[in-house]
$ cat my_file-v9.pdb   # PDB, C-alpha atoms
MODEL        1
ATOM      1  CA  MET B  87     -13.755   2.283   2.153
ATOM      2  CA  LYS B  88     -14.046   5.458   0.138
ATOM      3  CA  ARG B  89     -16.871   5.673  -2.398
ATOM      4  CA  ALA B  90     -16.450   7.063  -5.908
ATOM      5  CA  SER B  91     -15.966  10.814  -5.929
ATOM      6  CA  LYS B  92     -18.678  13.117  -7.259
ATOM      7  CA  LYS B  93     -16.424  13.981 -10.172
ATOM      8  CA  ALA B  94     -16.031  10.325 -11.095
ATOM      9  CA  ALA B  95     -19.740   9.677 -10.629
ATOM     10  CA  THR B  96     -20.639  12.433 -13.128
ATOM     11  CA  ASP B  97     -18.074  11.301 -15.686
ATOM     12  CA  ARG B  98     -20.038   9.817 -18.613
ATOM     13  CA  ASN B  99     -17.330   7.204 -19.118
ATOM     14  CA  PHE B 100     -17.398   6.130 -15.462
ATOM     15  CA  VAL B 101     -19.598   3.074 -14.790
ATOM     16  CA  VAL B 102     -20.905   3.545 -11.247
ATOM     17  CA  ALA B 103     -22.467   0.070 -11.040
ATOM     18  CA  LEU B 104     -19.141  -1.559 -11.923
ATOM     19  CA  SER B 105     -17.357   0.599  -9.344
ATOM     20  CA  ARG B 106     -19.795  -0.473  -6.650
ATOM     21  CA  GLY B 107     -19.495  -4.128  -7.594
ATOM     22  CA  LEU B 108     -15.732  -3.942  -7.267
ATOM     23  CA  ASP B 109     -16.136  -2.195  -3.914
ATOM     24  CA  VAL B 110     -18.100  -5.231  -2.704
ATOM     25  CA  LEU B 111     -15.243  -7.544  -3.715
ATOM     26  CA  ARG B 112     -12.723  -5.203  -2.063
ATOM     27  CA  ALA B 113     -14.682  -5.433   1.187
ATOM     28  CA  PHE B 114     -13.350  -8.966   1.731
ATOM     29  CA  GLN B 115     -10.049  -8.971   3.619
ATOM     30  CA  PRO B 116      -7.570 -11.891   3.776
ATOM     31  CA  ASN B 117      -8.676 -13.177   7.195
ATOM     32  CA  ASP B 118     -12.396 -12.393   6.973
ATOM     33  CA  GLY B 119     -13.918 -15.670   5.903
ATOM     34  CA  LEU B 120     -17.637 -14.925   5.565
ATOM     35  CA  LEU B 121     -19.339 -11.532   5.266
ATOM     36  CA  GLY B 122     -23.038 -10.705   5.270
ATOM     37  CA  ASN B 123     -24.819  -7.915   3.422
ATOM     38  CA  GLN B 124     -24.935  -5.760   6.545
ATOM     39  CA  GLU B 125     -21.173  -6.056   7.096
ATOM     40  CA  ILE B 126     -20.451  -5.328   3.442
ATOM     41  CA  ALA B 127     -22.754  -2.309   3.550
ATOM     42  CA  ALA B 128     -20.898  -0.961   6.594
ATOM     43  CA  ARG B 129     -17.518  -1.353   4.887
ATOM     44  CA  THR B 130     -18.531   0.110   1.532
ATOM     45  CA  LYS B 131     -20.847   2.834   2.884
ATOM     46  CA  LEU B 132     -23.451   1.717   0.362
ATOM     47  CA  PRO B 133     -27.169   1.189   1.181
ATOM     48  CA  LYS B 134     -28.076  -2.360   2.171
ATOM     49  CA  PRO B 135     -30.674  -2.761  -0.653
ATOM     50  CA  THR B 136     -27.929  -1.856  -3.146
ATOM     51  CA  ILE B 137     -25.584  -4.368  -1.534
ATOM     52  CA  SER B 138     -28.271  -7.061  -1.762
ATOM     53  CA  ARG B 139     -28.586  -6.537  -5.509
ATOM     54  CA  LEU B 140     -24.818  -6.461  -5.976
ATOM     55  CA  THR B 141     -24.157  -9.635  -3.995
ATOM     56  CA  TYR B 142     -26.962 -11.376  -5.918
ATOM     57  CA  THR B 143     -25.391 -10.322  -9.226
ATOM     58  CA  LEU B 144     -21.871 -11.264  -8.172
ATOM     59  CA  THR B 145     -23.154 -14.646  -7.033
ATOM     60  CA  LYS B 146     -24.782 -15.242 -10.416
ATOM     61  CA  LEU B 147     -21.521 -14.265 -12.140
ATOM     62  CA  GLY B 148     -19.515 -16.661  -9.988
ATOM     63  CA  TYR B 149     -17.514 -14.096  -8.014
ATOM     64  CA  LEU B 150     -19.214 -14.785  -4.677
ATOM     65  CA  THR B 151     -20.348 -18.044  -3.087
ATOM     66  CA  PRO B 152     -23.415 -17.838  -0.834
ATOM     67  CA  VAL B 153     -23.444 -19.706   2.477
ATOM     68  CA  PRO B 154     -27.199 -19.947   3.191
ATOM     69  CA  LYS B 155     -26.797 -21.377   6.690
ATOM     70  CA  PHE B 156     -25.245 -18.112   7.867
ATOM     71  CA  GLU B 157     -26.811 -15.791   5.268
ATOM     72  CA  LYS B 158     -23.335 -14.707   4.277
ATOM     73  CA  TYR B 159     -20.916 -14.856   1.350
ATOM     74  CA  GLN B 160     -17.322 -15.747   0.638
ATOM     75  CA  LEU B 161     -15.135 -14.991  -2.349
ATOM     76  CA  ALA B 162     -15.548 -17.598  -5.077
ATOM     77  CA  PRO B 163     -12.707 -19.075  -7.168
ATOM     78  CA  SER B 164     -13.509 -16.703 -10.063
ATOM     79  CA  ALA B 165     -12.748 -13.702  -7.853
ATOM     80  CA  MET B 166      -9.567 -15.269  -6.517
ATOM     81  CA  ALA B 167      -8.472 -16.127 -10.056
ATOM     82  CA  LEU B 168      -8.364 -12.405 -10.846
ATOM     83  CA  GLY B 169      -5.933 -11.834  -8.001
ATOM     84  CA  TYR B 170      -3.721 -14.765  -8.937
ATOM     85  CA  ALA B 171      -3.644 -13.632 -12.565
ATOM     86  CA  ALA B 172      -2.491 -10.198 -11.437
ATOM     87  CA  LEU B 173       0.198 -11.724  -9.213
ATOM     88  CA  ALA B 174       1.428 -13.894 -12.083
ATOM     89  CA  ASN B 175       1.968 -10.800 -14.205
ATOM     90  CA  LEU B 176       4.021  -9.011 -11.536
ATOM     91  CA  GLY B 177       7.561  -9.937 -12.546
ATOM     92  CA  VAL B 178       8.934  -7.908  -9.659
ATOM     93  CA  ARG B 179       7.321 -10.326  -7.205
ATOM     94  CA  HIS B 180       9.023 -13.393  -8.641
ATOM     95  CA  LEU B 181      12.390 -11.848  -9.414
ATOM     96  CA  SER B 182      12.670 -10.180  -6.015
ATOM     97  CA  GLU B 183      12.052 -13.374  -4.032
ATOM     98  CA  PRO B 184      15.684 -14.539  -3.684
ATOM     99  CA  TYR B 185      16.775 -10.983  -2.816
ATOM    100  CA  ARG B 186      14.050 -10.712  -0.182
ATOM    101  CA  GLU B 187      14.942 -14.061   1.327
ATOM    102  CA  GLU B 188      18.624 -13.114   1.525
ATOM    103  CA  VAL B 189      17.839  -9.927   3.471
ATOM    104  CA  THR B 190      15.432 -11.847   5.711
ATOM    105  CA  ARG B 191      18.182 -14.336   6.606
ATOM    106  CA  ALA B 192      20.718 -11.574   7.193
ATOM    107  CA  THR B 193      18.503  -9.318   9.337
ATOM    108  CA  GLY B 194      15.882 -11.565  10.904
ATOM    109  CA  GLY B 195      13.203  -9.181   9.632
ATOM    110  CA  ALA B 196      10.248  -9.690   7.322
ATOM    111  CA  VAL B 197      10.758  -8.281   3.817
ATOM    112  CA  ALA B 198       7.742  -7.477   1.649
ATOM    113  CA  VAL B 199       6.947  -5.788  -1.643
ATOM    114  CA  GLY B 200       3.685  -3.980  -2.285
ATOM    115  CA  GLY B 201       1.780  -1.545  -4.422
ATOM    116  CA  ARG B 202      -0.872   1.064  -3.778
ATOM    117  CA  ASP B 203      -4.515   0.195  -3.200
ATOM    118  CA  ARG B 204      -6.329   3.488  -2.559
ATOM    119  CA  HIS B 205      -5.161   4.681   0.889
ATOM    120  CA  SER B 206      -3.237   1.489   1.616
ATOM    121  CA  MET B 207      -0.322  -0.531   0.351
ATOM    122  CA  ILE B 208      -1.193  -4.118  -0.490
ATOM    123  CA  TYR B 209       1.374  -6.891  -0.111
ATOM    124  CA  PHE B 210       1.909  -9.021  -3.203
ATOM    125  CA  GLY B 211       5.105 -10.714  -2.070
ATOM    126  CA  GLN B 212       6.629 -11.438   1.328
ATOM    127  CA  SER B 213       9.548 -13.289   2.876
ATOM    128  CA  ARG B 214       9.685 -13.870   6.621
ATOM    129  CA  ASN B 215      10.754 -16.232   9.366
ATOM    130  CA  GLY B 216       9.115 -17.168  12.632
ATOM    131  CA  LEU B 217      10.816 -14.339  14.514
ATOM    132  CA  ALA B 218       9.963 -11.497  12.144
ATOM    133  CA  LEU B 219       6.742  -9.839  13.254
ATOM    134  CA  GLY B 220       4.221 -10.140  16.031
ATOM    135  CA  VAL B 221       1.552  -8.989  13.557
ATOM    136  CA  GLN B 222       0.995 -11.686  10.951
ATOM    137  CA  LEU B 223       0.900 -10.157   7.478
ATOM    138  CA  ASP B 224       0.777 -12.093   4.235
ATOM    139  CA  VAL B 225       0.129 -11.649   0.519
ATOM    140  CA  GLY B 226      -3.068  -9.626   0.195
ATOM    141  CA  SER B 227      -2.632  -7.820   3.516
ATOM    142  CA  ARG B 228      -3.021  -4.055   3.533
ATOM    143  CA  VAL B 229      -1.074  -1.500   5.559
ATOM    144  CA  PRO B 230      -1.669   2.272   5.691
ATOM    145  CA  ILE B 231       0.231   4.493   3.274
ATOM    146  CA  ALA B 232       0.528   7.409   5.686
ATOM    147  CA  THR B 233       2.141   5.728   8.694
ATOM    148  CA  THR B 234       4.206   2.831   7.341
ATOM    149  CA  ALA B 235       7.711   2.778   5.914
ATOM    150  CA  MET B 236       6.470   1.072   2.745
ATOM    151  CA  GLY B 237       3.729   3.650   2.214
ATOM    152  CA  ARG B 238       5.999   6.610   2.845
ATOM    153  CA  ALA B 239       8.590   5.253   0.425
ATOM    154  CA  TYR B 240       5.841   5.012  -2.184
ATOM    155  CA  ILE B 241       4.725   8.599  -1.517
ATOM    156  CA  TRP B 242       8.198  10.051  -2.087
ATOM    157  CA  ALA B 243       8.702   8.019  -5.277
ATOM    158  CA  LEU B 244       5.717   9.690  -6.960
ATOM    159  CA  PRO B 245       6.060  12.644  -9.353
ATOM    160  CA  PRO B 246       5.310  15.905  -7.485
ATOM    161  CA  ASP B 247       1.819  16.403  -8.945
ATOM    162  CA  GLU B 248       0.745  12.829  -8.171
ATOM    163  CA  ARG B 249       2.228  13.071  -4.691
ATOM    164  CA  ALA B 250       0.324  16.302  -4.041
ATOM    165  CA  ALA B 251      -2.947  14.721  -5.148
ATOM    166  CA  LEU B 252      -2.408  11.670  -2.931
ATOM    167  CA  LEU B 253      -1.500  13.765   0.098
ATOM    168  CA  ARG B 254      -4.674  15.813  -0.319
ATOM    169  CA  GLU B 255      -6.665  12.576  -0.477
ATOM    170  CA  LEU B 256      -5.024  11.368   2.713
ATOM    171  CA  ARG B 257      -5.649  14.704   4.435
ATOM    172  CA  ASP B 258      -9.349  14.540   3.574
ATOM    173  CA  HIS B 259      -9.559  10.869   4.533
ATOM    174  CA  TYR B 260      -7.935  11.185   7.980
ATOM    175  CA  GLY B 261      -9.311  14.569   9.036
ATOM    176  CA  SER B 262      -8.147  15.545  12.526
ATOM    177  CA  ARG B 263      -5.595  12.715  12.616
ATOM    178  CA  TRP B 264      -3.794  14.095   9.575
ATOM    179  CA  ALA B 265      -1.487  16.643  11.268
ATOM    180  CA  LYS B 266       0.526  13.981  13.101
ATOM    181  CA  MET B 267       0.667  11.771  10.029
ATOM    182  CA  ARG B 268       1.806  14.702   7.888
ATOM    183  CA  ASP B 269       4.738  15.329  10.207
ATOM    184  CA  GLY B 270       5.873  11.718   9.830
ATOM    185  CA  ILE B 271       5.617  11.933   6.051
ATOM    186  CA  GLU B 272       7.665  15.139   6.030
ATOM    187  CA  ARG B 273      10.415  13.556   8.111
ATOM    188  CA  SER B 274      10.415  10.600   5.742
ATOM    189  CA  GLY B 275      11.004  12.918   2.809
ATOM    190  CA  GLU B 276      14.083  14.276   4.511
ATOM    191  CA  THR B 277      15.299  10.745   5.315
ATOM    192  CA  VAL B 278      14.815   9.673   1.694
ATOM    193  CA  ALA B 279      16.842  12.643   0.472
ATOM    194  CA  LYS B 280      19.668  11.917   2.904
ATOM    195  CA  HIS B 281      19.738   8.121   3.114
ATOM    196  CA  GLY B 282      17.552   6.746   0.309
ATOM    197  CA  PHE B 283      15.003   5.054   2.587
ATOM    198  CA  THR B 284      12.119   5.864   4.926
ATOM    199  CA  MET B 285      11.634   4.836   8.548
ATOM    200  CA  SER B 286       8.596   4.056  10.680
ATOM    201  CA  ALA B 287       9.365   3.254  14.307
ATOM    202  CA  GLY B 288       6.121   2.916  16.241
ATOM    203  CA  ASP B 289       4.186   5.200  13.889
ATOM    204  CA  TRP B 290       1.950   2.421  12.556
ATOM    205  CA  GLN B 291       2.018   0.065  15.515
ATOM    206  CA  ASN B 292       3.866   0.779  18.734
ATOM    207  CA  ASP B 293       5.859  -2.451  18.721
ATOM    208  CA  VAL B 294       6.829  -2.543  15.018
ATOM    209  CA  ALA B 295       9.809  -0.817  13.385
ATOM    210  CA  ALA B 296      10.630  -0.853   9.678
ATOM    211  CA  VAL B 297      12.403   0.818   6.794
ATOM    212  CA  GLY B 298      11.039   1.291   3.272
ATOM    213  CA  VAL B 299      12.564   1.755  -0.190
ATOM    214  CA  ALA B 300      10.746   2.504  -3.431
ATOM    215  CA  LEU B 301      11.246   0.663  -6.703
ATOM    216  CA  ARG B 302      10.931   2.648  -9.943
ATOM    217  CA  LEU B 303      11.133   0.871 -13.279
ATOM    218  CA  ASN B 304      11.718   2.190 -16.768
ATOM    219  CA  ASP B 305       8.750   0.322 -18.256
ATOM    220  CA  GLY B 306       6.288   2.761 -16.709
ATOM    221  CA  THR B 307       4.956   0.362 -14.062
ATOM    222  CA  GLY B 308       4.882   1.151 -10.375
ATOM    223  CA  PRO B 309       6.253   2.673  -8.344
ATOM    224  CA  TYR B 310       6.313  -0.235  -5.951
ATOM    225  CA  ALA B 311       7.841  -0.269  -2.489
ATOM    226  CA  PHE B 312       9.695  -2.736  -0.266
ATOM    227  CA  ASN B 313       9.900  -2.803   3.504
ATOM    228  CA  CYS B 314      11.900  -4.682   6.100
ATOM    229  CA  GLY B 315      10.388  -4.805   9.556
ATOM    230  CA  ALA B 316      10.570  -6.558  12.910
ATOM    231  CA  PRO B 317       9.547  -6.017  16.539
ATOM    232  CA  ALA B 318      10.871  -2.669  17.749
ATOM    233  CA  PHE B 319      13.075  -4.242  20.430
ATOM    234  CA  ARG B 320      14.995  -6.040  17.653
ATOM    235  CA  PHE B 321      15.099  -3.179  15.157
ATOM    236  CA  THR B 322      16.229  -0.167  17.163
ATOM    237  CA  GLU B 323      16.321   3.206  15.404
ATOM    238  CA  ASP B 324      20.107   3.045  15.317
ATOM    239  CA  ARG B 325      19.985  -0.338  13.602
ATOM    240  CA  LEU B 326      17.315   0.861  11.167
ATOM    241  CA  LEU B 327      19.458   3.819  10.192
ATOM    242  CA  ASN B 328      22.868   2.155  10.002
ATOM    243  CA  ASP B 329      22.154  -1.454   9.053
ATOM    244  CA  ILE B 330      18.646  -2.344   7.873
ATOM    245  CA  GLY B 331      18.070   0.762   5.753
ATOM    246  CA  PRO B 332      21.319   0.554   3.759
ATOM    247  CA  ARG B 333      20.780  -3.188   3.216
ATOM    248  CA  LEU B 334      17.312  -2.595   1.807
ATOM    249  CA  VAL B 335      18.524   0.204  -0.466
ATOM    250  CA  ALA B 336      21.249  -2.074  -1.876
ATOM    251  CA  MET B 337      18.705  -4.861  -2.376
ATOM    252  CA  VAL B 338      16.245  -2.673  -4.272
ATOM    253  CA  ARG B 339      18.951  -1.172  -6.487
ATOM    254  CA  ASN B 340      20.044  -4.716  -7.396
ATOM    255  CA  ILE B 341      16.453  -5.648  -8.229
ATOM    256  CA  GLU B 342      16.086  -2.539 -10.393
ATOM    257  CA  GLN B 343      19.162  -3.515 -12.378
ATOM    258  CA  ALA B 344      17.930  -7.093 -12.759
ATOM    259  CA  LEU B 345      14.573  -5.823 -14.031
ATOM    260  CA  GLY B 346      16.136  -3.497 -16.567
ATOM    261  CA  GLY B 347      16.926  -0.343 -14.634
ATOM    262  CA  MET B 348      14.970   2.344 -12.847
ATOM    263  CA  ALA B 349      12.799   4.983 -14.464
ATOM    264  CA  PRO B 350      14.910   7.833 -15.832
ATOM    265  CA  GLN B 351      14.760  11.132 -13.998
ATOM    266  CA  SER B 352      15.237  14.580 -15.411
ATOM    267  CA  LYS B 353      18.013  16.778 -14.039
ATOM    268  CA  LYS B 354      15.339  18.949 -12.458
ATOM    269  CA  GLU B 355      13.931  15.913 -10.590
ATOM    270  CA  GLU B 356      17.413  14.883  -9.453
ATOM    271  CA  ARG B 357      18.030  18.355  -7.997
ATOM    272  CA  LYS B 358      14.679  18.219  -6.214
ATOM    273  CA  LYS B 359      15.671  15.019  -4.401
ATOM    274  CA  THR B 360      17.935  17.054  -2.159
ATOM    275  CA  ARG B 361      15.071  19.352  -1.173
ATOM    276  CA  VAL B 362      12.151  17.076  -0.335
ATOM    277  CA  GLY B 363      10.456  17.064   3.045
ATOM    278  CA  GLY B 364       9.871  19.860   5.536
ATOM    279  CA  LYS B 365       8.498  23.084   4.083
ATOM    280  CA  VAL B 366       8.683  21.693   0.559
ATOM    281  CA  ALA B 367       6.195  19.006   1.567
ATOM    282  CA  ARG B 368       3.867  21.520   3.198
ATOM    283  CA  LEU B 369       3.952  24.149   0.460
ATOM    284  CA  ALA B 370       4.794  22.527  -2.865
ATOM    285  CA  GLU B 371       2.813  19.379  -2.166
ATOM    286  CA  GLY B 372      -0.158  21.301  -0.806
ATOM    287  CA  ILE B 373      -0.726  19.292   2.373
ATOM    288  CA  ARG B 374      -1.017  22.243   4.720
TER     289      ARG B 374
ENDMDL
END

$ encode --input "my_file-v9.pdb" --output "structure tokens"
Amino acid sequence: MKRASKKAATDRNFVVALSRGLDVLRAFQPNDGLLGNQEIAARTKLPKPTISRLTYTLTKLGYLTPVPKFEKYQLAPSAMALGYAALANLGVRHLSEPYREEVTRATGGAVAVGGRDRHSMIYFGQSRNGLALGVQLDVGSRVPIATTAMGRAYIWALPPDERAALLRELRDHYGSRWAKMRDGIERSGETVAKHGFTMSAGDWQNDVAAVGVALRLNDGTGPYAFNCGAPAFRFTEDRLLNDIGPRLVAMVRNIEQALGGMAPQSKKEERKKTRVGGKVARLAEGIR
């Protein structure tokens, strides 16, 4: 988990204590159960004495529940209420459900919608059947931006300056692993320009294949991104390209219309869509 940048920490309007408290809450993942101060410290990269004070405070505020027998904590209902309130306000989650379920029935894949959470995409809606994925993902699960179809679709839906900033963050975050990831992102840009969707076949996990499509709305929210994935033996690259991808594009365009249309693009942005990926990604987006 990345700590607040030096720039943010020196911003007079930036409350470092609040940032650290939220980092503690972020440390809890959907399948974790209980976490102790030492585990939270390792995930947040914060000193253990600081974590002890933060967990004490969050317990007093009702966001963590202590489990004395194990000297650990779990998220309390107050913390979970924040997440449920956010989900309730995401109209795209509710409206997209019948569309997601239709594609799930037609393809046998799992269909999810998510938004960015730092260097990950977090699921806030999912439709699946028992055959969809060997890896069990659910609402609240996180997947990497750089190597997944959902994350790559999100990247190429961003305005150029925001995309450049995110790619630099990812480069700094992944270090020596970045070069291979960058190549996959570049190829995705070319696929978006040509077909309207991204692909990830074994890039995130060897046995998982998926396509991704971004959702842009005219109310200024998002972008969000959808994916449709399944075990690689069921979703071959040919099927991703000629069946699953086009289905997901059609689904997302229908959702955009139902939600009031996609965000308007300038003519300059429309022309750029035919030139994303490759050298444009390396030079214009500053990820070299």

$ residues_around --input "my_file-v9.pdb" --residues "segment 210-214 of chain B" --least-positions-apart "5" --cutoff "12 Å" --atoms "all atoms listed in the file" --output "CSV table (one decimal) with C-alpha atoms, keeping the file's coordinate frame"
chain,number,residue,atom,x,y,z
B,169,GLY,CA,-5.9,-11.8,-8.0
B,170,TYR,CA,-3.7,-14.8,-8.9
B,171,ALA,CA,-3.6,-13.6,-12.6
B,172,ALA,CA,-2.5,-10.2,-11.4
B,173,LEU,CA,0.2,-11.7,-9.2
B,174,ALA,CA,1.4,-13.9,-12.1
B,175,ASN,CA,2.0,-10.8,-14.2
B,176,LEU,CA,4.0,-9.0,-11.5
B,177,GLY,CA,7.6,-9.9,-12.5
B,178,VAL,CA,8.9,-7.9,-9.7
B,179,ARG,CA,7.3,-10.3,-7.2
B,180,HIS,CA,9.0,-13.4,-8.6
B,181,LEU,CA,12.4,-11.8,-9.4
B,182,SER,CA,12.7,-10.2,-6.0
B,183,GLU,CA,12.1,-13.4,-4.0
B,184,PRO,CA,15.7,-14.5,-3.7
B,185,TYR,CA,16.8,-11.0,-2.8
B,186,ARG,CA,14.0,-10.7,-0.2
B,187,GLU,CA,14.9,-14.1,1.3
B,188,GLU,CA,18.6,-13.1,1.5
B,189,VAL,CA,17.8,-9.9,3.5
B,190,THR,CA,15.4,-11.8,5.7
B,191,ARG,CA,18.2,-14.3,6.6
B,192,ALA,CA,20.7,-11.6,7.2
B,193,THR,CA,18.5,-9.3,9.3
B,194,GLY,CA,15.9,-11.6,10.9
B,195,GLY,CA,13.2,-9.2,9.6
B,196,ALA,CA,10.2,-9.7,7.3
B,197,VAL,CA,10.8,-8.3,3.8
B,198,ALA,CA,7.7,-7.5,1.6
B,199,VAL,CA,6.9,-5.8,-1.6
B,200,GLY,CA,3.7,-4.0,-2.3
B,201,GLY,CA,1.8,-1.5,-4.4
B,202,ARG,CA,-0.9,1.1,-3.8
B,203,ASP,CA,-4.5,0.2,-3.2
B,219,LEU,CA,6.7,-9.8,13.3
B,220,GLY,CA,4.2,-10.1,16.0
B,221,VAL,CA,1.6,-9.0,13.6
B,222,GLN,CA,1.0,-11.7,11.0
B,223,LEU,CA,0.9,-10.2,7.5
B,224,ASP,CA,0.8,-12.1,4.2
B,225,VAL,CA,0.1,-11.6,0.5
B,226,GLY,CA,-3.1,-9.6,0.2
B,227,SER,CA,-2.6,-7.8,3.5
B,228,ARG,CA,-3.0,-4.1,3.5
B,229,VAL,CA,-1.1,-1.5,5.6
B,310,TYR,CA,6.3,-0.2,-6.0
B,311,ALA,CA,7.8,-0.3,-2.5
B,312,PHE,CA,9.7,-2.7,-0.3
B,313,ASN,CA,9.9,-2.8,3.5
B,314,CYS,CA,11.9,-4.7,6.1
B,315,GLY,CA,10.4,-4.8,9.6
B,316,ALA,CA,10.6,-6.6,12.9

$ atom_distance --input "my_file-v9.pdb" --atom1 "atom CA of Leu256 of chain B" --atom2 "atom CA of Leu104 of chain B"
24.1 Å

$ residues_around --input "my_file-v9.pdb" --residues "Lys158 of chain B" --least-positions-apart "4" --cutoff "12 Å" --atoms "all atoms listed in the file" --output "list of chain:residue names"
B:Phe114, B:Asp118, B:Gly119, B:Leu120, B:Leu121, B:Gly122, B:Asn123, B:Gln124, B:Glu125, B:Ile126, B:Ser138, B:Thr141, B:Tyr142, B:Thr145, B:Leu150, B:Thr151, B:Pro152, B:Val153, B:Pro154

$ closest_residue --input "my_file-v9.pdb" --among "B:Gly298, B:Pro230, B:Pro246, B:Gly237" --to "Tyr260 of chain B" --atoms "all atoms listed in the file"
B:Pro230

$ resolve_selection --input "my_file-v9.pdb" --expression "the PyMOL selection byres ((chain B and resi 320) around 10)" --output "list in words"
Thr193, Gly194, Gly195, Leu217, Ala218, Asp293, Val294, Ala295, Gly315, Ala316, Pro317, Ala318, Phe319, Phe321, Thr322, Glu323, Arg325 and Leu326 of chain B

$ residues_near_point --input "my_file-v9.pdb" --point "(17.8, 1.1, 4.9)" --cutoff "10 Å" --atoms "all atoms listed in the file" --output "tab-separated table (two decimals) with C-alpha atoms, keeping the file's coordinate frame"
chain	number	residue	atom	x	y	z
B	277	THR	CA	15.30	10.74	5.32
B	278	VAL	CA	14.82	9.67	1.69
B	281	HIS	CA	19.74	8.12	3.11
B	282	GLY	CA	17.55	6.75	0.31
B	283	PHE	CA	15.00	5.05	2.59
B	284	THR	CA	12.12	5.86	4.93
B	285	MET	CA	11.63	4.84	8.55
B	296	ALA	CA	10.63	-0.85	9.68
B	297	VAL	CA	12.40	0.82	6.79
B	298	GLY	CA	11.04	1.29	3.27
B	299	VAL	CA	12.56	1.76	-0.19
B	313	ASN	CA	9.90	-2.80	3.50
B	314	CYS	CA	11.90	-4.68	6.10
B	325	ARG	CA	19.98	-0.34	13.60
B	326	LEU	CA	17.32	0.86	11.17
B	327	LEU	CA	19.46	3.82	10.19
B	328	ASN	CA	22.87	2.15	10.00
B	329	ASP	CA	22.15	-1.45	9.05
B	330	ILE	CA	18.65	-2.34	7.87
B	331	GLY	CA	18.07	0.76	5.75
B	332	PRO	CA	21.32	0.55	3.76
B	333	ARG	CA	20.78	-3.19	3.22
B	334	LEU	CA	17.31	-2.60	1.81
B	335	VAL	CA	18.52	0.20	-0.47
B	336	ALA	CA	21.25	-2.07	-1.88
B	337	MET	CA	18.70	-4.86	-2.38

$ atom_distance --input "my_file-v9.pdb" --atom1 "atom CA of Gln343 of chain B" --atom2 "atom CA of Leu303 of chain B"
9.2 Å

$ resolve_selection --input "my_file-v9.pdb" --expression "the PyMOL selection byres ((chain B and resi 290) around 7)" --output "list in words"
Thr233, Thr234, Gly288, Asp289, Gln291 and Asn292 of chain B

$ closest_residue --input "my_file-v9.pdb" --among "B:Trp264, B:Pro135, B:Ala235, B:Arg273" --to "Ala287 of chain B" --atoms "only C-alpha atoms"
B:Ala235

$ closest_residue --input "my_file-v9.pdb" --among "B:Gly261, B:Gly270, B:Gly148, B:Pro309" --to "Glu342 of chain B" --atoms "all atoms listed in the file"
B:Pro309

$ closest_residue --input "my_file-v9.pdb" --among "B:Leu111, B:Asp258, B:Thr136, B:Tyr149" --to "Ala162 of chain B" --atoms "only C-alpha atoms"
B:Tyr149

$ axis_aligned_box --input "my_file-v9.pdb" --around "segment 96-103 of chain B" --padding-each-side "4 Å" --output "JSON"
{"center_x": -19.9, "center_y": 6.3, "center_z": -15.1, "size_x": 13.1, "size_y": 20.4, "size_z": 16.1}

$ resolve_selection --input "my_file-v9.pdb" --expression "the PyMOL selection byres ((chain B and resi 132) around 12)" --output "JSON, numbers by chain"
{"B": [87, 88, 89, 90, 103, 105, 106, 107, 109, 110, 113, 123, 124, 125, 126, 127, 128, 129, 130, 131, 133, 134, 135, 136, 137, 138, 139, 140]}
